[in-house]
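First comes the structure, then the notes that go with it.
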Amino acid sequence: MIEKFTRKLIAVEIKLGFLHIPAAGIEMMPEKNTKITVVVERQERQLTYNATYKRIFGLVKWYKSVGVKAGDEVILENDGTKYILLLKNKSHETPLKEAEKLLDISGLSSQAKGNIVEDRIKELIVLQGQGLLSVYKPVTDTQGIDLVVTKAGMFQPIFLQIKGRFNINHGTFIMDINKKTFSPHHSYFVVGGYFNAQKLEIHENILLVPSKEVADALVVKSGGKESYRVQNSLSTDSQGHWAAFLIKKTDLANKLLEKFDAMSTYIK
């Protein structure tokens with residue numbers, strides 16, 4: 001029985017000459033790092049397969065010879081004795097929606113995805129905080145706190161829960177906040193960011209919502225768990241319910257500094 005899968009190449013694969021094996025194709029690959037026989041353009045080649053990173057290496061010359069581009073599809077077949085690599089079709093132009101599908105994130109856990117967005121938010125705060133803001137990550141997040149932000153000379157922190165998404169439902173960004181572990185407070189905010197797979201970066205607009213506002217959000221139930229649901233378009237001209245809390249990611253640090261200034265007026 002021939003096993004096979006189809007994959008759309010991304011730019012880094014072409015540049016470095018490897019093929020990433022998605023979750024759908026892992027079962028047909030060896031369990032350990034080894035050399036495998038791959039038929040390319042009717043010629044057998046001994047290529048290296050890295051089981052740790054799920055990649056077949058040694059394809060630079062082939063990619064160059066056939067002139068593949070990001071978005072082109074390749075088929076990898078396994079007939080039981082060898083692998084056969086074929087170029088399915090070439091795409092000369094990759095639309096936005098198609099480009100978003102090129103990044104294979106099927107092997108990433110929810111925690112890994114969350115960490116990616118948290119790190120982006122952390123970097124924005126530190127880099128744009130004018131040296132005034134520091135960011136700390138709790139050892140545990142049982143209370144829903146992902147990042148703790150402090151301002152130089154002020155010993156009252158701001159607490160952030162980060163909700164990252166790797167997809168948008170019909171143009172609407174949705175974030176659900178666990179009601180059980182959520183405790184509204186004037187120094188507690190929820191930040192929502194969409195990770196754009198085309199740009200490998202979070203969207204230019206994010207949500208910065210005070211926790212006391214979140215507490216008035218719609219409550220949804222799923223799997224026996226209740227969550228506050230905040231949903232809104234990330235478009236700058238959005239008129240949605242939560243549009244007032246939509247900001248540019250480059251303004252996040254300044255917005256937090258404003259929050260610190262407001263807190264300092266009544267906290268000594």
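Identifiers in the structure tokens: chain A, B, ... in order shown; residue index from 1 per chain; ligand index from 1 in order shown.
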
Subject >> Nearby residues (only C-alpha atoms) at most 9 Å from A:Pro138, same-chain spacing under 4 positions excluded, as JSON, numbers by chain >> reply: {"A": [145, 146, 147, 148]}

Subject >> Distance query A:Tyr228 at most 8 Å, only C-alpha atoms, self and fewer than 2 positions along chain excluded, as a PyMOL selection string >> reply: chain A and resi 176-179+214-215+217-220+226+230

Original post:
By how many Å are atom CA of A:Lys122 and atom CA of A:Lys249 apart?
Top reply: 11.2 Å

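Residues lying within 12 Å of A:Asn50, counting only C-alpha atoms and ignoring same-chain neighbours fewer than 6 positions away, are Phe18, Leu19, His20, Ile21, Ile26, Met29, Pro30, Glu31, Lys32, Asn33, Thr34, Lys35, Ile36, Ile56, Phe57 and Gly58 of chain A.
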
Kindly save the residues from that selection, with N, CA and C atoms included, as a short mmCIF file (atom, residue, chain, number, x, y, z; two decimals), in the first residue's frame.
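This is the output file result-v8.cif:
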data_model
loop_
_atom_site.label_atom_id
_atom_site.label_comp_id
_atom_site.auth_asym_id
_atom_site.auth_seq_id
_atom_site.Cartn_x
_atom_site.Cartn_y
_atom_site.Cartn_z
N PHE A 18 15.13 21.87 2.61
CA PHE A 18 14.58 20.74 3.35
C PHE A 18 13.07 20.64 3.12
N LEU A 19 12.50 19.52 3.52
CA LEU A 19 11.05 19.31 3.45
C LEU A 19 10.58 18.96 4.85
N HIS A 20 9.68 19.78 5.39
CA HIS A 20 9.12 19.51 6.71
C HIS A 20 7.99 18.49 6.58
N ILE A 21 8.00 17.49 7.44
CA ILE A 21 6.96 16.46 7.42
C ILE A 21 5.84 16.86 8.38
N ILE A 26 3.86 11.84 9.47
CA ILE A 26 4.85 11.32 10.42
C ILE A 26 4.87 9.80 10.48
N MET A 29 7.25 7.90 8.19
CA MET A 29 8.67 8.22 8.27
C MET A 29 9.36 7.37 9.35
N PRO A 30 10.69 7.22 9.27
CA PRO A 30 11.43 6.47 10.30
C PRO A 30 11.32 7.13 11.67
N GLU A 31 11.49 6.34 12.71
CA GLU A 31 11.38 6.86 14.07
C GLU A 31 12.67 7.52 14.53
N LYS A 32 13.80 7.21 13.87
CA LYS A 32 15.09 7.75 14.29
C LYS A 32 15.78 8.47 13.12
N ASN A 33 16.77 9.28 13.45
CA ASN A 33 17.57 9.96 12.43
C ASN A 33 18.27 8.92 11.56
N THR A 34 18.15 9.08 10.25
CA THR A 34 18.74 8.07 9.37
C THR A 34 18.83 8.59 7.93
N LYS A 35 19.49 7.81 7.07
CA LYS A 35 19.52 8.08 5.65
C LYS A 35 18.33 7.36 5.01
N ILE A 36 17.65 8.01 4.09
CA ILE A 36 16.54 7.38 3.40
C ILE A 36 16.74 7.50 1.89
N ILE A 56 13.37 16.33 6.00
CA ILE A 56 14.25 15.66 5.04
C ILE A 56 15.17 16.74 4.47
N PHE A 57 16.47 16.54 4.59
CA PHE A 57 17.45 17.51 4.12
C PHE A 57 18.10 17.08 2.79
N GLY A 58 18.70 18.05 2.09
CA GLY A 58 19.46 17.76 0.88
C GLY A 58 18.72 18.05 -0.41
#

**OP:** Once DSSP has gone over the backbone, tell me which residues of stretch 23-124 of chain A are in alpha helix (DSSP H), as a PyMOL selection string.
**Re:** chain A and resi 60-66+96-100+110-124

Can you write out the residues you just picked, keeping N, CA and C atoms, as a PDB file, in the first residue's frame?
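Now in part16.pdb:
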ATOM      1  N   VAL A  60      18.332  21.274  -1.833  1.00  0.00           N
ATOM      2  CA  VAL A  60      18.648  22.592  -2.397  1.00  0.00           C
ATOM      3  C   VAL A  60      18.739  22.552  -3.918  1.00  0.00           C
ATOM      4  N   LYS A  61      19.512  21.601  -4.457  1.00  0.00           N
ATOM      5  CA  LYS A  61      19.714  21.543  -5.911  1.00  0.00           C
ATOM      6  C   LYS A  61      18.416  21.266  -6.645  1.00  0.00           C
ATOM      7  N   TRP A  62      17.588  20.374  -6.092  1.00  0.00           N
ATOM      8  CA  TRP A  62      16.329  20.058  -6.768  1.00  0.00           C
ATOM      9  C   TRP A  62      15.392  21.259  -6.772  1.00  0.00           C
ATOM     10  N   TYR A  63      15.285  21.919  -5.637  1.00  0.00           N
ATOM     11  CA  TYR A  63      14.426  23.106  -5.563  1.00  0.00           C
ATOM     12  C   TYR A  63      14.862  24.151  -6.595  1.00  0.00           C
ATOM     13  N   LYS A  64      16.194  24.330  -6.730  1.00  0.00           N
ATOM     14  CA  LYS A  64      16.703  25.315  -7.687  1.00  0.00           C
ATOM     15  C   LYS A  64      16.470  24.874  -9.129  1.00  0.00           C
ATOM     16  N   SER A  65      16.655  23.588  -9.397  1.00  0.00           N
ATOM     17  CA  SER A  65      16.546  23.090 -10.772  1.00  0.00           C
ATOM     18  C   SER A  65      15.129  23.179 -11.318  1.00  0.00           C
ATOM     19  N   VAL A  66      14.133  23.006 -10.445  1.00  0.00           N
ATOM     20  CA  VAL A  66      12.745  23.079 -10.909  1.00  0.00           C
ATOM     21  C   VAL A  66      12.127  24.439 -10.644  1.00  0.00           C
ATOM     22  N   LEU A  96      -3.229  36.093   0.058  1.00  0.00           N
ATOM     23  CA  LEU A  96      -3.072  36.206   1.506  1.00  0.00           C
ATOM     24  C   LEU A  96      -3.601  34.984   2.234  1.00  0.00           C
ATOM     25  N   LYS A  97      -4.816  34.573   1.920  1.00  0.00           N
ATOM     26  CA  LYS A  97      -5.414  33.442   2.627  1.00  0.00           C
ATOM     27  C   LYS A  97      -4.612  32.180   2.415  1.00  0.00           C
ATOM     28  N   GLU A  98      -4.066  32.006   1.193  1.00  0.00           N
ATOM     29  CA  GLU A  98      -3.265  30.835   0.902  1.00  0.00           C
ATOM     30  C   GLU A  98      -1.972  30.881   1.684  1.00  0.00           C
ATOM     31  N   ALA A  99      -1.378  32.073   1.775  1.00  0.00           N
ATOM     32  CA  ALA A  99      -0.101  32.224   2.472  1.00  0.00           C
ATOM     33  C   ALA A  99      -0.239  31.887   3.940  1.00  0.00           C
ATOM     34  N   GLU A 100      -1.405  32.188   4.519  1.00  0.00           N
ATOM     35  CA  GLU A 100      -1.606  31.912   5.937  1.00  0.00           C
ATOM     36  C   GLU A 100      -1.601  30.411   6.218  1.00  0.00           C
ATOM     37  N   SER A 110      -1.140  23.823  22.332  1.00  0.00           N
ATOM     38  CA  SER A 110      -1.784  25.087  22.685  1.00  0.00           C
ATOM     39  C   SER A 110      -0.860  25.937  23.553  1.00  0.00           C
ATOM     40  N   GLN A 111      -0.112  25.266  24.429  1.00  0.00           N
ATOM     41  CA  GLN A 111       0.821  25.995  25.295  1.00  0.00           C
ATOM     42  C   GLN A 111       1.928  26.644  24.482  1.00  0.00           C
ATOM     43  N   ALA A 112       2.443  25.913  23.482  1.00  0.00           N
ATOM     44  CA  ALA A 112       3.506  26.462  22.638  1.00  0.00           C
ATOM     45  C   ALA A 112       3.007  27.678  21.868  1.00  0.00           C
ATOM     46  N   LYS A 113       1.794  27.597  21.344  1.00  0.00           N
ATOM     47  CA  LYS A 113       1.213  28.726  20.623  1.00  0.00           C
ATOM     48  C   LYS A 113       1.043  29.919  21.543  1.00  0.00           C
ATOM     49  N   GLY A 114       0.556  29.636  22.762  1.00  0.00           N
ATOM     50  CA  GLY A 114       0.377  30.715  23.730  1.00  0.00           C
ATOM     51  C   GLY A 114       1.685  31.385  24.079  1.00  0.00           C
ATOM     52  N   ASN A 115       2.742  30.579  24.218  1.00  0.00           N
ATOM     53  CA  ASN A 115       4.060  31.129  24.556  1.00  0.00           C
ATOM     54  C   ASN A 115       4.587  32.046  23.462  1.00  0.00           C
ATOM     55  N   ILE A 116       4.288  31.702  22.207  1.00  0.00           N
ATOM     56  CA  ILE A 116       4.748  32.522  21.085  1.00  0.00           C
ATOM     57  C   ILE A 116       4.151  33.921  21.177  1.00  0.00           C
ATOM     58  N   VAL A 117       2.841  33.995  21.403  1.00  0.00           N
ATOM     59  CA  VAL A 117       2.179  35.302  21.493  1.00  0.00           C
ATOM     60  C   VAL A 117       2.630  36.043  22.754  1.00  0.00           C
ATOM     61  N   GLU A 118       2.771  35.338  23.861  1.00  0.00           N
ATOM     62  CA  GLU A 118       3.246  35.967  25.098  1.00  0.00           C
ATOM     63  C   GLU A 118       4.616  36.592  24.893  1.00  0.00           C
ATOM     64  N   ASP A 119       5.495  35.873  24.211  1.00  0.00           N
ATOM     65  CA  ASP A 119       6.843  36.398  23.970  1.00  0.00           C
ATOM     66  C   ASP A 119       6.804  37.652  23.102  1.00  0.00           C
ATOM     67  N   ARG A 120       5.927  37.665  22.095  1.00  0.00           N
ATOM     68  CA  ARG A 120       5.806  38.852  21.247  1.00  0.00           C
ATOM     69  C   ARG A 120       5.336  40.055  22.067  1.00  0.00           C
ATOM     70  N   ILE A 121       4.359  39.825  22.933  1.00  0.00           N
ATOM     71  CA  ILE A 121       3.835  40.903  23.766  1.00  0.00           C
ATOM     72  C   ILE A 121       4.913  41.391  24.734  1.00  0.00           C
ATOM     73  N   LYS A 122       5.622  40.463  25.321  1.00  0.00           N
ATOM     74  CA  LYS A 122       6.703  40.805  26.252  1.00  0.00           C
ATOM     75  C   LYS A 122       7.765  41.656  25.563  1.00  0.00           C
ATOM     76  N   GLU A 123       8.130  41.271  24.339  1.00  0.00           N
ATOM     77  CA  GLU A 123       9.149  42.020  23.601  1.00  0.00           C
ATOM     78  C   GLU A 123       8.678  43.434  23.280  1.00  0.00           C
ATOM     79  N   LEU A 124       7.411  43.563  22.906  1.00  0.00           N
ATOM     80  CA  LEU A 124       6.864  44.889  22.595  1.00  0.00           C
ATOM     81  C   LEU A 124       6.959  45.805  23.807  1.00  0.00           C
TER      82      LEU A 124
END

Would you write out, as CSV, a table of all residues in stretch 5-77 of chain A that have an atom no more than 12 Å from an atom of stretch 200-212 of chain A, listing for each the closest atom pair and the distance in Å to one decimal, considering only C-alpha atoms and ordering rows by chain and rising residue number?
residue,atom,partner,partner_atom,distance
A:Ile10,CA,A:Leu200,CA,11.7
A:Ala11,CA,A:Leu200,CA,11.9
A:Val12,CA,A:Leu200,CA,11.9

With N, CA and C atoms kept, could you save the residues just selected as a short mmCIF file (atom, residue, chain, number, x, y, z; two decimals), in the first residue's frame?
data_model
loop_
_atom_site.label_atom_id
_atom_site.label_comp_id
_atom_site.auth_asym_id
_atom_site.auth_seq_id
_atom_site.Cartn_x
_atom_site.Cartn_y
_atom_site.Cartn_z
N ILE A 10 7.08 26.39 2.13
CA ILE A 10 7.25 27.76 2.59
C ILE A 10 8.67 28.21 2.25
N ALA A 11 8.88 29.51 2.32
CA ALA A 11 10.14 30.09 1.84
C ALA A 11 11.38 29.52 2.51
N VAL A 12 11.32 29.30 3.83
CA VAL A 12 12.51 28.84 4.54
C VAL A 12 12.89 27.42 4.11
#

**OP:** Find the spatial neighbours of A:Val126, counting only C-alpha atoms, within a cut-off of 10 Å - ignore same-chain residues fewer than 5 positions away - and output them as JSON, numbers by chain.
**Re:** {"A": [121, 131, 132, 133, 134, 135, 149, 253]}

**OP:** Could you give me the residues within stretch 2-80 of chain A that DSSP places in strand (DSSP E), as a count of residues only?
**Re:** 33

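Closest to A:Lys221 among A:Lys137, A:Lys163, A:Lys180, A:Lys259 is A:Lys180, based on only C-alpha atoms.
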
Subject >> Nearest residue to A:Ile125 from the set A:Leu160, A:Met28, A:Leu59, A:Met154 (distances using only C-alpha atoms) >> reply: A:Leu160

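Atom to atom, atom CA of A:Leu86 and atom CA of A:Glu41 stand 7.6 Å apart.
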
**OP:** Mind giving me the straight-line distance from atom CA of A:Gln143 to atom CA of A:Gln130 in Å, one decimal?
**Re:**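 These two atoms are separated by 28.9 Å.
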
**OP:** Return the single residue from A:Ile158, A:Ala197, A:Ile247, A:Leu16 that is closest to A:Ser264, with distances computed using only C-alpha atoms.
**Re:** A:Ile158

Original post:
From the set A:Asn232, A:Asn196, A:Lys151, A:Val38, which residue has the shortest atom-to-atom contact distance to A:Leu256, counting only C-alpha atoms?
Top reply: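 That would be A:Lys151, the residue with the smallest distance to A:Leu256.
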
Original post:
Of the candidates A:Leu85, A:Gly107, A:Glu73, A:Lys225, which shows the shortest atom-to-atom distance to A:Ala24, using only C-alpha atoms?
Top reply: A:Gly107
